[in-house]
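Listing of target_9.cif, mmCIF, C-alpha atoms
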```
data_input
#
loop_
_atom_site.label_atom_id
_atom_site.label_comp_id
_atom_site.auth_asym_id
_atom_site.auth_seq_id
_atom_site.Cartn_x
_atom_site.Cartn_y
_atom_site.Cartn_z
CA MET A 8 -16.98 14.25 -72.30
CA ALA A 9 -17.01 15.78 -68.83
CA CYS A 10 -14.74 18.70 -68.20
CA PRO A 11 -12.05 17.87 -65.59
CA LEU A 12 -12.09 21.46 -64.32
CA LEU A 13 -15.77 21.36 -63.23
CA ASN A 14 -16.81 19.78 -59.95
CA ASP A 15 -19.76 17.42 -59.80
CA VAL A 16 -22.80 19.27 -58.40
CA VAL A 17 -23.82 16.23 -56.36
CA ASP A 18 -20.37 16.03 -54.75
CA GLU A 19 -20.55 19.71 -53.85
CA GLU A 20 -23.93 19.22 -52.17
CA VAL A 21 -22.61 16.25 -50.16
CA LEU A 22 -19.71 18.35 -48.92
CA ILE A 23 -22.08 21.15 -47.86
CA LEU A 24 -24.26 18.70 -45.91
CA ARG A 25 -21.24 17.14 -44.23
CA ARG A 26 -20.00 20.54 -43.08
CA ALA A 27 -23.47 21.43 -41.75
CA PHE A 28 -23.83 18.27 -39.64
CA ARG A 29 -20.19 17.78 -38.67
CA HIS A 30 -19.44 17.63 -34.95
CA GLU A 31 -16.22 18.94 -33.57
CA ARG A 32 -13.97 16.04 -32.65
CA VAL A 33 -12.57 16.05 -29.14
CA PHE A 34 -9.06 14.65 -28.90
CA ARG A 35 -8.17 13.32 -25.45
CA ASP A 36 -4.62 13.10 -24.22
CA ARG A 37 -3.67 9.42 -24.31
CA ALA A 38 -0.96 10.12 -21.74
CA ASP A 39 -3.69 11.13 -19.30
CA PRO A 40 -5.94 8.12 -18.54
CA LEU A 41 -8.17 10.33 -16.40
CA ALA A 42 -9.36 12.29 -19.45
CA PHE A 43 -12.26 9.87 -19.87
CA SER A 44 -15.67 9.62 -18.20
CA ASP A 45 -16.27 7.80 -14.92
CA GLU A 46 -18.31 5.16 -16.73
CA TYR A 47 -15.42 4.45 -19.09
CA LEU A 48 -12.91 4.33 -16.22
CA THR A 49 -15.03 2.13 -13.94
CA GLU A 50 -15.67 -0.37 -16.70
CA ARG A 51 -11.96 -0.75 -17.47
CA TYR A 52 -10.24 0.01 -14.16
CA ARG A 53 -12.98 -0.60 -11.53
CA PHE A 54 -12.46 2.89 -10.09
CA SER A 55 -13.89 6.31 -10.89
CA SER A 56 -11.63 9.27 -11.66
CA ASP A 57 -11.75 10.38 -8.02
CA GLY A 58 -10.88 6.85 -6.91
CA ILE A 59 -7.93 6.65 -9.27
CA ARG A 60 -6.66 10.04 -8.10
CA TYR A 61 -6.89 8.78 -4.52
CA LEU A 62 -4.84 5.70 -5.44
CA CYS A 63 -2.28 7.91 -7.16
CA ARG A 64 -1.84 9.99 -4.01
CA LEU A 65 -1.69 6.85 -1.90
CA LEU A 66 0.80 4.91 -4.04
CA GLY A 67 2.71 7.76 -5.66
CA PRO A 68 5.51 8.01 -3.07
CA ASN A 69 6.29 4.30 -3.55
CA ILE A 70 6.04 3.93 -7.31
CA GLN A 71 6.86 7.26 -8.96
CA HIS A 72 10.07 7.51 -11.01
CA ARG A 73 12.73 9.88 -9.77
CA THR A 74 13.27 11.33 -13.24
CA ALA A 75 11.39 11.54 -16.51
CA ARG A 76 14.22 9.96 -18.49
CA SER A 77 13.32 7.55 -21.30
CA HIS A 78 9.74 8.82 -21.20
CA ALA A 79 9.05 7.17 -17.82
CA LEU A 80 5.41 6.46 -17.04
CA THR A 81 3.54 8.88 -14.82
CA VAL A 82 1.92 7.70 -11.59
CA PRO A 83 -1.61 7.76 -13.10
CA GLN A 84 -0.37 5.71 -16.04
CA MET A 85 1.25 3.12 -13.76
CA VAL A 86 -1.82 2.87 -11.53
CA CYS A 87 -4.11 2.46 -14.54
CA VAL A 88 -1.88 -0.18 -16.14
CA ALA A 89 -2.02 -2.28 -12.97
CA LEU A 90 -5.76 -1.73 -12.52
CA ARG A 91 -6.36 -2.74 -16.15
CA PHE A 92 -4.61 -6.05 -15.52
CA PHE A 93 -6.32 -6.67 -12.16
CA ALA A 94 -9.76 -5.86 -13.58
CA SER A 95 -9.50 -7.80 -16.85
CA GLY A 96 -7.13 -10.69 -16.19
CA MET A 97 -5.85 -10.37 -19.76
CA PHE A 98 -2.48 -11.57 -20.93
CA LEU A 99 0.28 -9.04 -20.37
CA TYR A 100 0.74 -8.38 -24.08
CA SER A 101 -3.02 -7.74 -24.36
CA VAL A 102 -2.82 -5.17 -21.58
CA GLY A 103 0.18 -3.68 -23.37
CA ASP A 104 -1.75 -3.42 -26.62
CA ALA A 105 -4.65 -1.74 -24.80
CA GLU A 106 -2.37 0.74 -23.06
CA ASN A 107 0.07 1.12 -26.00
CA LEU A 108 3.04 -0.18 -23.98
CA ASN A 109 5.42 -3.10 -24.35
CA LYS A 110 5.09 -6.29 -22.33
CA ALA A 111 8.21 -5.70 -20.22
CA THR A 112 6.95 -2.31 -19.08
CA ILE A 113 3.55 -3.80 -18.21
CA CYS A 114 5.12 -6.62 -16.17
CA ARG A 115 7.41 -4.27 -14.26
CA THR A 116 4.62 -1.80 -13.56
CA ILE A 117 2.20 -4.46 -12.27
CA ARG A 118 4.92 -5.79 -9.99
CA ASN A 119 5.74 -2.37 -8.53
CA VAL A 120 2.10 -1.44 -7.95
CA SER A 121 1.36 -4.85 -6.40
CA LEU A 122 4.19 -4.49 -3.90
CA ALA A 123 3.13 -0.92 -3.09
CA LEU A 124 -0.41 -2.12 -2.35
CA LYS A 125 0.89 -5.06 -0.34
CA SER A 126 2.79 -2.66 1.93
CA LEU A 127 -0.56 -1.10 2.90
CA VAL A 128 -2.22 -4.37 3.93
CA HIS A 129 -2.05 -3.63 7.67
CA ILE A 130 -3.76 -0.27 7.13
CA PHE A 131 -6.72 -1.43 5.07
CA ILE A 132 -7.10 -4.99 6.39
CA THR A 133 -7.50 -5.05 10.17
CA PHE A 134 -9.34 -7.50 12.39
CA PRO A 135 -12.12 -7.35 13.41
CA GLY A 136 -12.48 -4.15 11.39
CA HIS A 137 -12.35 -0.37 11.60
CA ARG A 138 -15.56 -0.15 13.60
CA ARG A 139 -16.37 -0.95 17.20
CA PHE A 140 -17.12 -4.52 18.27
CA ILE A 141 -20.72 -3.72 19.13
CA HIS A 142 -21.41 -2.29 15.67
CA ILE A 143 -19.83 -5.31 13.93
CA LYS A 144 -21.96 -7.70 15.99
CA GLU A 145 -25.11 -5.69 15.34
CA GLU A 146 -24.59 -5.74 11.58
CA PHE A 147 -24.14 -9.51 11.59
CA TYR A 148 -27.17 -9.94 13.85
CA LYS A 149 -29.33 -8.10 11.30
CA ILE A 150 -28.65 -10.82 8.73
CA ALA A 151 -30.20 -13.83 10.49
CA ALA A 152 -30.33 -13.03 14.23
CA PHE A 153 -27.07 -14.92 14.88
CA PRO A 154 -25.58 -13.28 18.01
CA ASN A 155 -22.02 -12.21 18.87
CA VAL A 156 -20.49 -12.74 15.41
CA ILE A 157 -17.40 -10.67 14.61
CA GLY A 158 -16.46 -12.30 11.29
CA THR A 159 -17.05 -15.14 8.85
CA VAL A 160 -14.09 -17.20 7.65
CA ASP A 161 -13.45 -19.48 4.69
CA CYS A 162 -10.84 -20.30 2.07
CA THR A 163 -10.91 -19.81 -1.69
CA HIS A 164 -8.63 -21.17 -4.40
CA ILE A 165 -6.83 -18.84 -6.80
CA ARG A 166 -5.93 -20.73 -9.97
CA ILE A 167 -2.32 -20.33 -11.11
CA GLN A 168 -0.20 -21.65 -13.93
CA ARG A 169 1.68 -24.88 -13.32
CA PRO A 170 4.75 -23.94 -11.27
CA SER A 171 8.16 -25.38 -12.02
CA GLY A 172 10.31 -27.18 -9.49
CA ALA A 173 10.10 -30.13 -7.14
CA HIS A 174 7.08 -28.76 -5.24
CA GLU A 175 4.78 -28.55 -8.25
CA GLY A 176 2.53 -31.30 -6.86
CA ASP A 177 1.88 -29.32 -3.67
CA TYR A 178 -0.16 -26.80 -5.67
CA VAL A 179 -2.61 -29.34 -7.12
CA ASN A 180 -5.86 -28.96 -5.17
CA ARG A 181 -8.72 -31.40 -4.66
CA LYS A 182 -10.28 -30.27 -7.97
CA SER A 183 -7.06 -31.25 -9.78
CA PHE A 184 -5.85 -27.83 -10.88
CA HIS A 185 -2.93 -25.73 -9.62
CA SER A 186 -3.82 -23.05 -7.12
CA VAL A 187 -2.95 -21.18 -3.96
CA ASN A 188 -5.40 -21.59 -1.07
CA VAL A 189 -6.26 -18.22 0.46
CA GLN A 190 -8.03 -17.78 3.79
CA MET A 191 -10.10 -14.64 4.38
CA ILE A 192 -12.32 -13.24 7.10
CA CYS A 193 -14.93 -10.61 6.33
CA ASP A 194 -17.48 -8.48 8.15
CA ALA A 195 -21.18 -8.02 7.40
CA ASP A 196 -20.39 -5.33 4.79
CA CYS A 197 -18.12 -7.71 2.80
CA LEU A 198 -14.99 -5.85 3.92
CA ILE A 199 -12.05 -8.22 4.28
CA THR A 200 -10.66 -8.03 7.82
CA ASN A 201 -8.04 -10.78 7.76
CA LEU A 202 -6.01 -12.50 5.04
CA GLU A 203 -3.67 -15.48 4.75
CA ALA A 204 -2.27 -15.76 1.21
CA LYS A 205 0.74 -18.08 1.17
CA TRP A 206 -0.44 -21.70 1.12
CA PRO A 207 -0.33 -24.22 -1.79
CA GLY A 208 -3.64 -25.49 -3.10
CA SER A 209 -3.25 -28.96 -1.61
CA VAL A 210 -3.21 -27.67 1.98
CA HIS A 211 -6.46 -28.27 3.88
CA ASP A 212 -8.52 -25.31 5.09
CA SER A 213 -8.37 -26.43 8.72
CA ARG A 214 -4.57 -26.57 8.66
CA ILE A 215 -4.40 -23.03 7.27
CA PHE A 216 -6.73 -21.82 10.03
CA ARG A 217 -4.79 -23.52 12.83
CA ALA A 218 -1.48 -22.14 11.52
CA SER A 219 -2.79 -18.59 11.13
CA ARG A 220 -2.07 -15.78 13.54
CA ILE A 221 -5.78 -15.12 13.90
CA TYR A 222 -6.22 -18.61 15.41
CA GLN A 223 -3.89 -17.74 18.27
CA ARG A 224 -5.52 -14.35 18.68
CA LEU A 225 -8.95 -15.95 19.00
CA SER A 226 -7.88 -18.58 21.49
CA LEU A 227 -10.60 -17.37 23.91
CA ALA A 228 -13.30 -17.33 21.23
CA PHE A 229 -14.83 -20.17 19.26
CA LEU A 230 -15.39 -20.95 15.61
CA MET A 231 -19.08 -21.75 15.23
CA THR A 232 -19.63 -24.57 12.73
CA PRO A 233 -22.92 -26.00 11.41
CA LEU A 234 -24.44 -29.23 12.66
CA THR A 235 -23.97 -32.12 10.26
CA ASP A 236 -27.36 -33.67 11.10
CA PRO A 237 -29.75 -31.21 12.78
CA GLN A 238 -32.68 -32.96 14.44
CA THR A 239 -34.65 -30.54 16.61
CA PRO A 240 -36.33 -27.33 15.40
CA ALA A 241 -33.79 -25.36 17.44
CA GLN A 242 -30.90 -27.11 15.69
CA GLN A 243 -32.48 -26.51 12.29
CA ALA A 244 -32.98 -22.83 13.15
CA TYR A 245 -29.33 -22.64 14.20
CA ASN A 246 -28.14 -24.17 10.93
CA HIS A 247 -30.38 -21.85 8.90
CA ALA A 248 -29.09 -18.76 10.68
CA HIS A 249 -25.53 -20.04 10.39
CA ALA A 250 -25.85 -20.59 6.63
CA LYS A 251 -27.33 -17.13 6.00
CA THR A 252 -24.65 -15.45 8.11
CA ARG A 253 -21.80 -17.45 6.63
CA ALA A 254 -22.97 -16.50 3.14
CA ARG A 255 -21.27 -13.13 3.68
CA ILE A 256 -17.82 -14.63 3.09
CA GLU A 257 -19.06 -16.32 -0.09
CA MET A 258 -20.52 -13.01 -1.25
CA THR A 259 -17.17 -11.39 -0.53
CA PHE A 260 -15.34 -13.97 -2.65
CA GLY A 261 -17.83 -13.36 -5.44
CA LEU A 262 -17.44 -9.57 -5.26
CA LEU A 263 -13.65 -9.79 -5.11
CA LYS A 264 -13.33 -12.10 -8.12
CA SER A 265 -15.96 -10.23 -10.13
CA ARG A 266 -14.27 -6.92 -9.50
CA PHE A 267 -10.79 -8.27 -10.28
CA GLN A 268 -11.09 -10.91 -12.98
CA CYS A 269 -7.38 -11.73 -12.84
CA LEU A 270 -8.08 -13.82 -9.72
CA HIS A 271 -9.84 -16.42 -11.85
CA HIS A 272 -6.47 -17.43 -13.32
CA LEU A 273 -3.10 -15.89 -12.56
CA ARG A 274 -0.43 -16.89 -15.08
CA VAL A 275 2.44 -16.18 -12.69
CA SER A 276 4.53 -18.01 -10.10
CA PRO A 277 2.95 -18.90 -6.73
CA ASP A 278 4.79 -16.13 -4.86
CA ARG A 279 3.68 -13.47 -7.30
CA ALA A 280 0.17 -14.88 -7.34
CA CYS A 281 0.02 -14.35 -3.58
CA ASP A 282 1.26 -10.77 -3.97
CA VAL A 283 -1.36 -10.00 -6.63
CA THR A 284 -4.06 -11.55 -4.44
CA VAL A 285 -3.09 -9.34 -1.51
CA ALA A 286 -3.01 -6.29 -3.78
CA CYS A 287 -6.50 -7.04 -5.12
CA THR A 288 -7.79 -7.55 -1.58
CA VAL A 289 -6.48 -4.15 -0.51
CA LEU A 290 -8.05 -2.59 -3.60
CA HIS A 291 -11.34 -4.33 -2.84
CA ASN A 292 -11.46 -2.76 0.62
CA ILE A 293 -10.51 0.66 -0.74
CA ALA A 294 -13.24 0.41 -3.39
CA SER A 295 -15.80 -0.69 -0.80
CA LEU A 296 -14.88 2.06 1.66
CA ARG A 297 -15.05 4.67 -1.10
CA LYS A 298 -18.41 3.30 -2.35
CA GLU A 299 -17.11 2.57 -5.83
CA ARG A 300 -19.61 0.85 -8.10
CA ALA A 301 -19.70 -2.83 -7.23
CA PRO A 302 -19.87 -5.45 -9.99
CA ARG A 303 -22.82 -7.76 -10.36
CA VAL A 304 -22.25 -11.20 -8.86
CA ALA A 305 -23.89 -14.20 -10.51
CA LEU A 306 -26.40 -15.98 -8.29
CA ASP A 307 -25.30 -19.40 -9.52
CA VAL A 308 -21.67 -19.03 -8.44
CA ASP A 309 -20.04 -22.39 -7.73
CA TRP A 310 -18.62 -21.75 -4.29
CA ASP A 311 -15.33 -23.45 -3.48
CA ASN A 312 -16.47 -25.58 -0.58
CA ALA A 313 -18.90 -25.96 2.28
CA ALA A 314 -18.01 -25.08 5.86
CA ILE A 315 -15.50 -27.80 6.71
CA PHE A 316 -13.55 -26.27 9.59
CA PRO A 317 -13.60 -28.93 12.32
CA ASP A 318 -14.79 -28.06 15.80
CA ASN A 319 -13.40 -29.30 19.08
CA ARG A 320 -15.12 -30.48 22.25
CA ASN A 321 -15.18 -27.04 23.87
CA GLY A 322 -16.52 -25.53 20.68
CA ARG A 323 -19.34 -28.09 20.58
CA LEU A 324 -20.28 -27.24 24.15
CA VAL A 325 -20.44 -23.55 23.26
CA ARG A 326 -22.54 -24.36 20.20
CA GLU A 327 -25.00 -26.40 22.27
CA GLN A 328 -25.26 -23.51 24.70
CA TYR A 329 -25.87 -21.12 21.80
CA ILE A 330 -28.67 -23.30 20.48
CA ALA A 331 -30.27 -23.59 23.92
CA ASN A 332 -30.04 -19.87 24.66
CA TYR A 333 -30.82 -18.25 21.31
CA PHE A 334 -32.58 -20.74 19.00
CA SER A 335 -34.87 -22.77 21.23
#
```
Rendering of file as structure tokens:
Amino acid sequence: MACPLLNDVVDEEVLILRRAFRHERVFRDRADPLAFSDEYLTERYRFSSDGIRYLCRLLGPNIQHRTARSHALTVPQMVCVALRFFASGMFLYSVGDAENLNKATICRTIRNVSLALKSLVHIFITFPGHRRFIHIKEEFYKIAAFPNVIGTVDCTHIRIQRPSGAHEGDYVNRKSFHSVNVQMICDADCLITNLEAKWPGSVHDSRIFRASRIYQRLSLAFLMTPLTDPQTPAQQAYNHAHAKTRARIEMTFGLLKSRFQCLHHLRVSPDRACDVTVACTVLHNIASLRKERAPRVALDVDWDNAAIFPDNRNGRLVREQYIANYFS
């Protein structure tokens, strides 16, 4: 019978080997989300550590708690909670489980950060952009030799949960799901320069454009639309250049929704969906300006719609002149 006071030789050897090859464990402070690598942070929050610190300095005055009572979240924690939701699109309780917080805290934090970002919309989203007109036109011209372009415009649908109330039917779009229809304008670098996020999904793109402030501002300019049935080589060249140039707004939609997966389906009311959309748009511009790592966009993305903005008689005359002067 084995003696209980003697250790097994094999067990002793195993312990010696384990001690020899054991690595020191590094314990990171869970209260500090910036204690991780940039790769870890970018994958989960879409921003590097420097980018998150910049957002903390930017949003801190508007979201920080006045006291530390009841173990209030720090500014980095609040920013990372909101970014986690924007980037993943998970349910609130799933975000809470990932960040070790309850659902009510997650909801309140996302709301506060969204409103803080929305208050910065006129700083980070300006038309026609932060650069000079000549530079904006030159960058567009490099795409397909389409002259004098200062922006590409289109609408995209943000799916939402079925809203309650008498106006529920207004949010059913032409694809038969509930959404808000958001109009955006972008430059050649996929920076968003104008935003209209307030319309139900059933509203037509052309109505949104005519009711927007940018329509009045561009009363002396013209919206260049493609020809429905190009016949001559010049008309075909015009349509080809138009399609390649207009693709920038589709690329922007793809980048925006790939970077912030929550925009594929927001399980909130229409008003809050619009606020989250604006917040994600501001974050998209900040990430682009700071050269944060951009997500990969699938090449087979099902774009929302073709260019359907109607043109008027004066616009057609300008288009014919364009074709004669630049594409003949």
Name the residues that the PyMOL selection byres ((chain A and resi 163) around 7) pulls out of this structure, and write them as a VMD selection string. chain A and resid 161 to 162 164 to 165 188 to 190 311
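With all atoms listed in the file as the atoms that count, the minimum distance from A:Asn69 to the choices A:Val82, A:Ala248, A:Leu230, A:Val285 is reached by A:Val82.
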Starting from the shown file, work through the PyMOL selection byres ((chain A and resi 299) around 8) and note down what comes out as a VMD selection string. chain A and resid 53 to 55 58 294 to 298 300 to 301
With distances taken over all atoms listed in the file, which of A:Tyr61, A:Gln242, A:Cys87, A:Gly158 is nearest to A:Ile293? A:Tyr61
Given the choices A:Phe134, A:Ala42, A:Ser276, A:Tyr245, which gets closest to A:Ser335 if the distance is worked out from all atoms listed in the file?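 Ranked by minimum distance to A:Ser335, first place goes to A:Tyr245.
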Could you tell me which of A:Pro302, A:Val325, A:Lys149, A:Ile143 comes closest to A:Glu50 if we count only C-alpha atoms?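 Selected residue with least distance to A:Glu50: A:Pro302.
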Please determine an axis-aligned box that encloses all atoms of stretch 163-173 of chain A listed in the file, with 3 Å added on each side, and express its centre and edge lengths in Å to one decimal as AutoDock Vina command-line options.
```
--center_x -0.3 --center_y -24.5 --center_z -7.8 --size_x 27.2 --size_y 17.3 --size_z 18.2
```
Quote the spacing between atom CA of A:Leu48 and atom CA of A:Cys197 in Å to one decimal place. 23.1 Å
If we count all atoms listed in the file, what is near A:Thr288 at a cut-off of 9 Å, once residues fewer than 6 positions away on the same chain are taken out, given as a PyMOL selection string? chain A and resi 128+132+199+202+263
Writer output for current selection, C-alpha atoms, as a PDB file, in the coordinates of the input:
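Listing of result-v2.pdb after writing:
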```pdb
ATOM      1  CA  VAL A 128      -2.220  -4.370   3.930  1.00  0.00           C
ATOM      2  CA  ILE A 132      -7.100  -4.990   6.390  1.00  0.00           C
ATOM      3  CA  ILE A 199     -12.050  -8.220   4.280  1.00  0.00           C
ATOM      4  CA  LEU A 202      -6.010 -12.500   5.040  1.00  0.00           C
ATOM      5  CA  LEU A 263     -13.650  -9.790  -5.110  1.00  0.00           C
TER       6      LEU A 263
END
```
To one decimal place, how far is atom CA of A:Pro154 from atom CA of A:Thr200 in Å?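 Between atom CA of A:Pro154 and atom CA of A:Thr200 the gap is 18.8 Å.
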Per residue of stretch 154-219 of chain A within 7 Å of stretch 251-262 of chain A, note the shortest atom pair and the distance in Å to one decimal, counting only C-alpha atoms, and order the rows by chain and increasing residue number, as a Markdown table.
```
| residue | atom | partner | partner_atom | distance |
| --- | --- | --- | --- | --- |
| A:Thr159 | CA | A:Arg253 | CA | 5.7 |
| A:Val160 | CA | A:Ile256 | CA | 6.4 |
| A:Asp161 | CA | A:Ile256 | CA | 6.7 |
| A:Ile192 | CA | A:Ile256 | CA | 6.9 |
| A:Cys193 | CA | A:Ile256 | CA | 5.9 |
| A:Ala195 | CA | A:Arg255 | CA | 6.3 |
| A:Cys197 | CA | A:Thr259 | CA | 5.1 |
```
Nearest to A:Arg115 by atom-to-atom distance, counting all atoms listed in the file, from A:Val156, A:Cys281, A:Ala244, A:Leu80: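 Using all atoms listed in the file, A:Arg115 sits closest to A:Leu80.
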Using all atoms listed in the file, find the one residue out of A:Asn201, A:Pro170, A:Arg118, A:Val187 that sits nearest to A:Arg224.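 Selected residue with least distance to A:Arg224: A:Asn201.
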Residues selected by the PyMOL selection byres ((chain A and resi 119) around 10), written as number ranges by chain: A: 66, 69-71, 85-86, 89, 114-118, 120-125
Show me, as a ChimeraX atom specification, the residues that have an atom within 9 Å of A:Val102 when counting all atoms listed in the file, minus same-chain residues fewer than 6 positions from it. /A:88,91-92,95-96,108-110,113
Residues within 12 Å of A:Pro240, please, as number ranges by chain. Count all atoms listed in the file; anything in the same chain fewer than 6 positions from it doesn't count. A: 246-247, 330-331, 334-335
How far is it from atom CA of A:Val289 to atom CA of A:Phe216, in Å with one decimal? 20.6 Å
Extract stretch 139-166 of chain A from the coordinates I pasted, and write it as a compact mmCIF listing (two decimals), in the first residue's frame (atoms kept: N, CA and C atoms).
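Resulting contents of part-v6.txt:
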```txt
# COMPACT_ATOMS: atom_id res chain seq x y z
N ARG A 139 -10.49 73.39 -49.92
CA ARG A 139 -10.91 74.39 -50.89
C ARG A 139 -11.69 73.75 -52.04
N PHE A 140 -12.53 74.55 -52.69
CA PHE A 140 -13.35 74.06 -53.79
C PHE A 140 -12.49 73.40 -54.86
N ILE A 141 -11.40 74.05 -55.22
CA ILE A 141 -10.57 73.57 -56.32
C ILE A 141 -10.00 72.19 -56.01
N HIS A 142 -9.62 71.97 -54.76
CA HIS A 142 -9.08 70.66 -54.38
C HIS A 142 -10.17 69.59 -54.43
N ILE A 143 -11.38 69.91 -53.96
CA ILE A 143 -12.49 68.96 -54.00
C ILE A 143 -12.80 68.56 -55.44
N LYS A 144 -12.85 69.54 -56.33
CA LYS A 144 -13.13 69.25 -57.74
C LYS A 144 -12.03 68.41 -58.37
N GLU A 145 -10.79 68.71 -58.03
CA GLU A 145 -9.67 67.96 -58.59
C GLU A 145 -9.71 66.50 -58.17
N GLU A 146 -10.04 66.24 -56.91
CA GLU A 146 -10.10 64.87 -56.43
C GLU A 146 -11.21 64.09 -57.12
N PHE A 147 -12.34 64.71 -57.34
CA PHE A 147 -13.42 64.04 -58.08
C PHE A 147 -13.02 63.82 -59.54
N TYR A 148 -12.33 64.78 -60.11
CA TYR A 148 -11.94 64.67 -61.52
C TYR A 148 -11.00 63.50 -61.73
N LYS A 149 -10.19 63.18 -60.74
CA LYS A 149 -9.24 62.07 -60.85
C LYS A 149 -9.94 60.73 -60.97
N ILE A 150 -11.19 60.65 -60.53
CA ILE A 150 -11.90 59.37 -60.54
C ILE A 150 -12.25 58.94 -61.96
N ALA A 151 -12.92 59.83 -62.70
CA ALA A 151 -13.39 59.47 -64.05
C ALA A 151 -13.45 60.67 -64.98
N ALA A 152 -12.66 61.70 -64.68
CA ALA A 152 -12.59 62.90 -65.54
C ALA A 152 -13.95 63.60 -65.65
N PHE A 153 -14.74 63.54 -64.58
CA PHE A 153 -16.02 64.27 -64.55
C PHE A 153 -15.73 65.63 -63.91
N PRO A 154 -15.94 66.74 -64.64
CA PRO A 154 -15.50 68.05 -64.16
C PRO A 154 -16.48 68.72 -63.20
N ASN A 155 -15.93 69.59 -62.35
CA ASN A 155 -16.70 70.53 -61.52
C ASN A 155 -17.64 69.85 -60.52
N VAL A 156 -17.27 68.68 -60.03
CA VAL A 156 -18.09 67.97 -59.04
C VAL A 156 -17.63 68.38 -57.64
N ILE A 157 -18.58 68.73 -56.79
CA ILE A 157 -18.25 69.08 -55.40
C ILE A 157 -18.88 68.12 -54.40
N GLY A 158 -19.59 67.11 -54.88
CA GLY A 158 -20.18 66.13 -53.98
C GLY A 158 -21.06 65.15 -54.71
N THR A 159 -21.23 63.96 -54.16
CA THR A 159 -22.18 62.98 -54.68
C THR A 159 -23.24 62.73 -53.62
N VAL A 160 -24.49 62.62 -54.03
CA VAL A 160 -25.61 62.57 -53.10
C VAL A 160 -26.44 61.32 -53.35
N ASP A 161 -26.96 60.74 -52.30
CA ASP A 161 -27.89 59.63 -52.40
C ASP A 161 -28.51 59.41 -51.02
N CYS A 162 -29.48 58.51 -50.98
CA CYS A 162 -30.14 58.16 -49.71
C CYS A 162 -29.89 56.70 -49.40
N THR A 163 -29.90 56.37 -48.13
CA THR A 163 -29.77 54.99 -47.68
C THR A 163 -30.76 54.73 -46.56
N HIS A 164 -31.26 53.51 -46.50
CA HIS A 164 -32.26 53.17 -45.48
C HIS A 164 -31.58 52.51 -44.27
N ILE A 165 -31.93 53.00 -43.09
CA ILE A 165 -31.47 52.42 -41.83
C ILE A 165 -32.63 51.65 -41.22
N ARG A 166 -32.51 50.34 -41.16
CA ARG A 166 -33.60 49.51 -40.64
C ARG A 166 -33.80 49.78 -39.15
```
